[in-house]
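Asks: Pasting target25.txt here (compact mmCIF, C-alpha atoms):
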```txt
# COMPACT_ATOMS: atom_id res chain seq x y z
CA MET A 228 89.40 -8.20 43.95
CA ASP A 229 86.64 -10.77 43.40
CA HIS A 230 87.83 -13.29 40.90
CA GLY A 231 84.52 -14.90 40.64
CA ALA A 232 81.90 -16.50 42.80
CA PRO A 233 81.51 -20.22 42.81
CA VAL A 234 78.59 -21.72 40.88
CA PRO A 235 76.89 -25.00 41.65
CA ASN A 236 79.05 -27.02 39.29
CA GLY A 237 82.18 -25.56 40.92
CA THR A 238 83.07 -23.19 38.12
CA ARG A 239 83.73 -19.63 39.11
CA VAL A 240 82.12 -16.86 37.13
CA PRO A 241 84.31 -13.89 36.75
CA GLY A 242 83.09 -10.79 38.56
CA TRP A 243 83.06 -8.66 35.44
CA LEU A 244 80.78 -11.06 33.72
CA ARG A 245 78.33 -11.02 36.61
CA LEU A 246 78.54 -7.26 36.72
CA GLY A 247 77.85 -7.00 33.04
CA ALA A 248 74.79 -9.23 33.33
CA CYS A 249 73.37 -7.05 36.11
CA ALA A 250 73.99 -3.96 34.04
CA LEU A 251 72.11 -5.56 31.20
CA VAL A 252 69.13 -6.40 33.42
CA VAL A 253 69.00 -2.87 34.82
CA ALA A 254 69.24 -1.38 31.40
CA CYS A 255 66.38 -3.54 30.16
CA SER A 256 64.18 -2.73 33.10
CA LEU A 257 64.68 1.03 32.60
CA GLN A 258 63.54 1.06 28.97
CA ASP A 259 60.42 3.18 28.28
CA PHE A 260 57.68 1.06 26.71
CA SER A 261 54.94 3.65 27.12
CA HIS A 262 55.07 4.58 23.44
CA LEU A 263 53.96 1.11 22.35
CA SER A 264 50.33 0.69 21.31
CA GLY A 265 48.00 -1.19 23.59
CA GLY A 266 46.34 -4.32 22.37
CA ASN A 267 48.93 -5.08 19.61
CA GLU A 268 51.23 -8.01 19.90
CA LEU A 269 54.79 -6.83 20.79
CA ASP A 270 58.06 -8.20 19.57
CA ALA A 271 59.67 -10.44 22.12
CA GLY A 272 62.31 -8.90 24.33
CA PRO A 273 65.82 -10.18 24.23
CA PHE A 274 64.91 -12.91 26.68
CA GLY A 275 61.19 -12.60 27.72
CA SER A 276 58.05 -13.42 25.69
CA ALA A 277 55.72 -10.65 24.55
CA GLY A 278 52.58 -10.00 26.63
CA GLY A 279 49.31 -10.96 24.93
CA GLY A 280 46.72 -8.28 23.93
CA ALA A 281 43.49 -8.10 25.88
CA THR A 282 40.34 -9.68 24.62
CA THR A 283 37.69 -7.40 23.22
CA GLY A 284 35.09 -6.53 25.86
CA ALA A 285 31.70 -8.15 25.58
CA SER A 286 29.24 -6.16 23.63
CA GLY A 287 26.32 -4.66 25.58
CA PRO A 288 22.89 -4.83 24.09
CA GLY A 289 22.22 -1.92 21.81
CA PHE A 290 25.86 -0.65 21.64
CA THR A 291 29.11 -1.63 19.88
CA ALA A 292 31.45 -3.84 21.87
CA GLY A 293 34.01 -2.08 24.12
CA ASP A 294 37.60 -1.75 22.95
CA GLY A 295 40.13 -4.21 24.25
CA GLY A 296 42.63 -3.20 26.93
CA ALA A 297 46.21 -2.22 26.15
CA GLY A 298 48.62 -5.03 25.32
CA GLY A 299 51.13 -6.16 27.92
CA MET A 300 54.73 -4.93 27.75
CA ALA A 301 57.49 -7.14 26.52
CA GLY A 302 59.10 -9.30 29.19
CA ALA A 303 62.01 -7.45 30.80
CA GLY A 304 63.92 -10.11 32.68
CA PRO A 305 65.56 -13.15 31.31
CA GLY A 306 62.88 -15.62 30.35
CA ALA A 307 60.07 -13.60 32.04
CA SER A 308 56.76 -13.14 30.23
CA GLY A 309 55.15 -9.72 29.95
CA ASP A 310 51.92 -8.99 31.85
CA ALA A 311 48.73 -9.64 29.93
CA GLY A 312 46.75 -6.58 28.93
CA ALA A 313 43.66 -5.75 31.00
CA SER A 314 40.32 -6.93 29.56
CA GLY A 315 38.19 -4.24 27.95
CA GLU A 316 35.11 -3.19 29.87
CA ALA A 317 31.81 -4.56 28.72
CA GLY A 318 29.77 -2.22 26.54
CA ALA A 319 27.11 -0.20 28.30
CA SER A 320 23.56 -1.52 28.21
CA GLY A 321 21.39 -0.40 25.31
CA THR A 322 18.72 2.16 25.86
CA GLY A 323 15.22 1.03 26.53
CA GLY A 324 12.89 0.30 23.66
CA VAL A 325 10.79 3.09 22.23
CA GLY A 326 7.27 3.16 23.63
CA GLY A 327 4.45 1.98 21.39
CA ALA A 328 2.53 4.56 19.43
CA GLY A 329 -0.68 5.78 21.03
CA GLY A 330 -3.87 4.14 19.84
CA THR A 331 -5.99 5.89 17.26
CA GLY A 332 -8.97 7.68 18.72
CA GLY A 333 -12.34 6.00 18.24
CA VAL A 334 -14.51 7.13 15.38
CA GLY A 335 -17.32 9.43 16.48
CA GLY A 336 -20.83 8.12 16.33
CA ALA A 337 -22.77 8.80 13.19
CA GLY A 338 -25.13 11.75 13.30
CA SER A 339 -28.78 10.99 13.62
CA VAL A 340 -30.68 10.70 10.41
CA ALA A 341 -32.92 13.61 9.70
CA GLY A 342 -36.56 12.84 10.19
CA PRO A 343 -38.96 12.92 7.28
CA SER A 344 -40.06 16.35 6.22
CA GLU A 345 -43.49 17.51 7.21
CA ASP A 346 -46.11 16.74 4.61
CA ALA A 347 -47.25 20.08 3.33
CA GLY A 348 -50.52 18.48 2.25
CA PRO A 349 -52.34 19.10 -1.02
CA ASP A 350 -52.47 22.59 -2.47
CA THR A 351 -55.94 23.98 -1.81
CA ASN A 352 -55.61 26.94 -4.15
CA LEU A 353 -58.49 27.07 -6.66
CA VAL A 354 -56.54 29.27 -9.07
CA VAL A 355 -54.63 27.52 -11.86
CA ASP A 356 -51.03 28.81 -12.25
CA PRO A 357 -51.28 31.54 -9.59
CA GLY A 358 -47.75 32.80 -10.32
CA PHE A 359 -48.28 33.18 -14.09
CA GLU A 360 -45.34 30.97 -14.95
CA LEU A 361 -47.29 29.40 -17.83
CA GLY A 362 -48.94 32.51 -19.24
CA VAL A 363 -52.18 34.51 -18.75
CA SER A 364 -54.62 32.36 -20.75
CA ASN A 365 -56.67 31.49 -17.62
CA TRP A 366 -57.57 35.15 -17.18
CA SER A 367 -59.82 37.49 -19.16
CA ALA A 368 -60.40 41.23 -19.28
CA PHE A 369 -63.38 42.86 -17.62
CA GLY A 370 -64.12 46.02 -19.55
CA THR A 371 -61.53 47.40 -21.88
CA ALA A 372 -58.09 46.10 -20.83
CA LEU A 373 -55.16 44.45 -22.54
CA LEU A 374 -53.69 41.49 -20.62
CA SER A 375 -50.04 40.59 -21.22
CA TRP A 376 -47.44 38.20 -19.83
CA GLN A 377 -44.86 40.35 -18.07
CA SER A 378 -41.30 39.15 -17.39
CA GLN A 379 -39.94 42.37 -15.91
CA GLY A 380 -40.12 42.81 -12.13
CA PRO A 381 -42.43 39.97 -10.99
CA TYR A 382 -43.01 39.51 -7.27
CA ALA A 383 -41.96 35.85 -7.41
CA GLY A 384 -40.83 33.44 -10.09
CA SER A 385 -40.13 34.77 -13.57
CA HIS A 386 -43.44 36.30 -14.72
CA CYS A 387 -46.52 38.22 -13.65
CA LEU A 388 -49.69 39.59 -15.30
CA ARG A 389 -50.01 43.14 -16.61
CA ALA A 390 -53.32 44.83 -17.42
CA SER A 391 -52.80 47.91 -19.61
CA SER A 392 -54.89 50.09 -21.94
CA ARG A 393 -57.65 50.32 -19.32
CA ASN A 394 -60.36 52.86 -20.20
CA ALA A 395 -62.12 53.04 -16.79
CA ALA A 396 -61.47 52.61 -13.07
CA TRP A 397 -63.52 49.39 -12.93
CA ALA A 398 -61.74 47.76 -15.89
CA GLY A 399 -59.20 45.11 -15.01
CA PRO A 400 -58.09 41.46 -15.09
CA LEU A 401 -60.76 38.85 -14.16
CA TYR A 402 -60.64 35.19 -13.06
CA SER A 403 -63.74 32.95 -13.24
CA LEU A 404 -64.57 30.61 -10.34
CA LYS A 405 -67.88 29.33 -11.78
CA GLY A 406 -68.20 25.60 -11.08
CA VAL A 407 -65.24 25.70 -8.69
CA VAL A 408 -66.61 27.25 -5.47
CA SER A 409 -69.21 25.53 -3.30
CA ALA A 410 -72.38 27.39 -2.37
CA GLY A 411 -72.34 28.85 1.14
CA GLU A 412 -68.64 28.10 1.77
CA THR A 413 -66.25 30.83 2.91
CA TYR A 414 -63.06 31.49 0.94
CA ARG A 415 -59.99 33.60 1.49
CA VAL A 416 -58.41 35.59 -1.32
CA THR A 417 -54.79 36.82 -1.29
CA ALA A 418 -52.69 38.48 -3.98
CA TRP A 419 -49.60 40.60 -4.57
CA LEU A 420 -50.51 43.76 -6.52
CA ARG A 421 -48.93 46.98 -7.70
CA THR A 422 -49.52 49.86 -10.09
CA ALA A 423 -47.24 51.76 -12.42
CA HIS A 424 -47.43 54.93 -10.32
CA VAL A 425 -47.71 55.72 -6.62
CA ASP A 426 -50.84 56.46 -4.57
CA GLN A 427 -53.35 54.64 -6.75
CA SER A 428 -56.38 52.82 -5.34
CA LEU A 429 -56.70 49.03 -5.70
CA LYS A 430 -59.28 46.47 -4.56
CA ILE A 431 -60.48 42.93 -5.34
CA THR A 432 -64.19 42.61 -6.24
CA ALA A 433 -66.51 39.61 -6.65
CA LYS A 434 -68.90 39.64 -9.64
CA THR A 435 -71.96 37.39 -9.24
CA LEU A 436 -74.77 36.53 -11.63
CA CYS A 437 -77.42 34.13 -10.35
CA SER A 438 -79.56 32.20 -12.75
CA GLY A 439 -82.72 34.21 -13.57
CA ASP A 440 -81.17 37.56 -12.65
CA SER A 441 -80.97 40.24 -15.29
CA SER A 442 -77.75 41.80 -14.06
CA SER A 443 -74.68 41.01 -12.04
CA SER A 444 -74.05 42.09 -8.46
CA PHE A 445 -70.72 43.33 -7.17
CA THR A 446 -69.20 42.80 -3.70
CA GLU A 447 -65.91 44.11 -2.37
CA VAL A 448 -63.67 41.26 -1.24
CA SER A 449 -60.81 43.50 -0.13
CA SER A 450 -61.25 47.10 0.90
CA PRO A 451 -59.83 49.80 -1.37
CA SER A 452 -56.19 50.43 -0.46
CA PRO A 453 -53.63 52.92 -1.78
CA ALA A 454 -51.45 51.04 -4.26
CA GLN A 455 -47.84 51.88 -4.98
CA ASN A 456 -45.33 51.24 -7.72
CA TYR A 457 -43.94 48.35 -5.67
CA TRP A 458 -45.54 45.06 -4.64
CA GLN A 459 -48.06 45.05 -1.77
CA TRP A 460 -50.05 42.20 -0.25
CA TYR A 461 -53.87 42.28 -0.44
CA SER A 462 -56.31 39.90 1.23
CA GLY A 463 -60.01 39.44 1.90
CA THR A 464 -62.82 36.85 2.28
CA PHE A 465 -66.12 36.06 0.58
CA VAL A 466 -68.97 33.56 0.92
CA ALA A 467 -69.88 31.73 -2.25
CA PRO A 468 -73.50 32.47 -3.34
CA SER A 469 -76.12 29.82 -2.68
CA CYS A 470 -77.95 30.42 -5.95
CA ALA A 471 -77.49 28.58 -9.21
CA LEU A 472 -74.67 30.57 -10.67
CA GLU A 473 -74.51 31.87 -14.20
CA ASP A 474 -71.26 33.63 -13.35
CA PHE A 475 -69.02 34.07 -10.38
CA SER A 476 -65.68 35.84 -10.89
CA LEU A 477 -63.06 37.89 -9.05
CA TYR A 478 -61.48 40.92 -10.70
CA ILE A 479 -59.09 43.75 -9.76
CA GLU A 480 -60.08 47.38 -10.19
CA GLY A 481 -59.55 50.87 -8.73
CA PRO A 482 -56.97 52.98 -10.52
CA PRO A 483 -58.19 55.54 -13.04
CA GLY A 484 -58.25 54.64 -16.72
CA GLY A 485 -54.82 54.56 -18.29
CA GLU A 486 -53.11 53.24 -15.12
CA ASP A 487 -51.54 49.77 -15.44
CA ILE A 488 -52.24 47.01 -12.90
CA TYR A 489 -49.79 44.20 -12.09
CA VAL A 490 -50.81 40.89 -10.46
CA ASP A 491 -48.78 37.98 -9.03
CA GLU A 492 -49.34 35.01 -6.69
CA PHE A 493 -53.15 35.14 -6.79
CA ARG A 494 -54.76 32.59 -4.45
CA VAL A 495 -58.33 31.54 -3.54
CA GLU A 496 -58.58 28.92 -0.78
CA PRO A 497 -61.37 27.51 1.39
CA SER A 498 -61.13 28.99 4.90
CA ALA A 499 -61.65 25.52 6.41
CA ALA A 500 -58.43 24.34 4.74
CA LEU A 501 -56.30 27.16 6.14
```
What does this structure look like when you write it as C-alpha cells?
Replies:
Amino acid sequence: MDHGAPVPNGTRVPGWLRLGACALVVACSLQDFSHLSGGNELDAGPFGSAGGGATTGASGPGFTAGDGGAGGMAGAGPGASGDAGASGEAGASGTGGVGGAGGTGGVGGAGSVAGPSEDAGPDTNLVVDPGFELGVSNWSAFGTALLSWQSQGPYAGSHCLRASSRNAAWAGPLYSLKGVVSAGETYRVTAWLRTAHVDQSLKITAKTLCSGDSSSSFTEVSSPSPAQNYWQWYSGTFVAPSCALEDFSLYIEGPPGGEDIYVDEFRVEPSAAL
C-alpha cells in the first residue's frame, strides 16, 4: 500500500488524496458542455476561467454583420482557461449597384410648316350673288313669271331661285348684263338647273337689243336639254355684241307654261380668265 508520494517540500501526500484529485479532474473533463450557448460568457469552472465569446464578424458592404462564433467552454483543469470562441465570418459582399436608368429618347423633329395656300385669285364672275344667299332682287321676270326665294332643296348653300306661275315656254327668270360685258369678248355661262317634273326641256338664251333696233334678237347660249326634277349642270358660251347696247340679258326658258324652273350657282365669266 502506497502511503503517499513525496512532494518537493518533503511532505508525503496520502494516496487516497491523490486518487481523489485525479477522479475530480476526470469527472470535470467528462462533463458535457455542448448545451451551453455560443458567444455568451460562461460561469467560471471550479478552477479554470471562462472562455471569452468571439468578436462579431466584420460587416460586409450591403449586408448585416456576421454573427459571432460560439463562446469558449469553461476551463476544465485546475487553473486552465477555456478556449476562446472562433471569430465570426465576415459578412458577404453587398450586391452591385443598380444600373442607371436609360436615357430618355430624343424629341422628334418638328413637322415642316405647311406652305401658304394657293391664291385662288379674284372672282371673275359677273353675276352678283350667284348662289341666291341674299335674295332674288338682282333678277327679273321675262314674260309672266313669279320669282321667289326658295329655301327647300337648293343645289348649294341655303337658297335658290324659283320661277313659278309661268304662262308660256319662253317665260322665265332673267339677269341683265348691260354695262357689264365688253363688246366682242367671249364669255362662258354655267348654271345648275332643274324643273318640278321630269323630262322637261331647258336652255339658256341671250336677249340682245342694239341701239337703233326696233326689236330684240335671241341667241341660244346652251342647247336645249331634257331637264329633270333633280339638279343638272348646264353650260354654254356667247360673244358680247359689238353694238351700242340698249339691252343685253340672259334668261332661262323651255318648259311649257305652268312648269316651275329652279336656278342655283349661276355664273358668267370671261373665257380669257378661265
Asks: Leaving out region 460-468 of chain A and any residue of its chain fewer than 5 positions from it, which residues lie within 7 Å of it when counting all atoms listed in the file, given as a short mmCIF file (atom, residue, chain, number, x, y, z; two decimals) with C-alpha atoms, in the coordinates of the input?
Replies:
```cif
data_model
loop_
_atom_site.label_atom_id
_atom_site.label_comp_id
_atom_site.auth_asym_id
_atom_site.auth_seq_id
_atom_site.Cartn_x
_atom_site.Cartn_y
_atom_site.Cartn_z
CA VAL A 408 -66.61 27.25 -5.47
CA SER A 409 -69.21 25.53 -3.30
CA ALA A 410 -72.38 27.39 -2.37
CA GLY A 411 -72.34 28.85 1.14
CA GLU A 412 -68.64 28.10 1.77
CA THR A 413 -66.25 30.83 2.91
CA TYR A 414 -63.06 31.49 0.94
CA ARG A 415 -59.99 33.60 1.49
CA VAL A 416 -58.41 35.59 -1.32
CA THR A 417 -54.79 36.82 -1.29
CA ALA A 418 -52.69 38.48 -3.98
CA TRP A 419 -49.60 40.60 -4.57
CA LEU A 420 -50.51 43.76 -6.52
CA VAL A 448 -63.67 41.26 -1.24
CA SER A 449 -60.81 43.50 -0.13
#
```
Asks: When distances are computed from all atoms listed in the file, which of A:Ala368, A:Val495, A:Cys387, A:Val407 shows the smallest separation from Asp474 (chain A)?
Replies: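 Of the candidates, the smallest distance to Asp474 (chain A) is held by A:Val407.
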Asks: What does the distance from CA of Gln427 (chain A) to CA of Arg389 (chain A) come to in Å, to one decimal?
Replies: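 Straight-line distance from CA of Gln427 (chain A) to CA of Arg389 (chain A) works out to 15.5 Å.
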Asks: Between CA of Ala372 (chain A) and CA of Glu496 (chain A), what is the distance, to one decimal in Å?
Replies: 26.4 Å
Asks: What does the structure give for the distance between CA of Arg393 (chain A) and CA of Pro483 (chain A), in Å to one decimal?
Replies: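 Separation of CA of Arg393 (chain A) and CA of Pro483 (chain A): 8.2 Å.
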Asks: Let me make sure I understand: among A:Ser476, A:Asp487, A:Tyr402, A:Arg494, which one has the smallest atom-to-atom distance to Ala433 (chain A) if we use all atoms listed in the file?
Replies: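 When distances to Ala433 (chain A) are compared using all atoms listed in the file, the smallest one comes from A:Ser476.
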Asks: Which residue gives the smallest distance to Ser375 (chain A) among A:Leu353, A:Leu472, A:Leu477, A:Leu388, with only C-alpha atoms counted?
Replies: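 That would be A:Leu388, the residue with the smallest distance to Ser375 (chain A).
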Asks: As a VMD selection string, please: the residues near Leu374 (chain A) (cut-off 12 Å, all atoms listed in the file, same-chain neighbours under 6 positions excluded).
Replies: chain A and resid 359 362 to 368 387 to 393 398 to 401 487 to 490
Asks: My list of candidates is A:Ser443, A:Leu501, A:Pro357, A:Glu486. Which is closest to Ala383 (chain A) when distances are computed with all atoms listed in the file?
Replies: A:Pro357
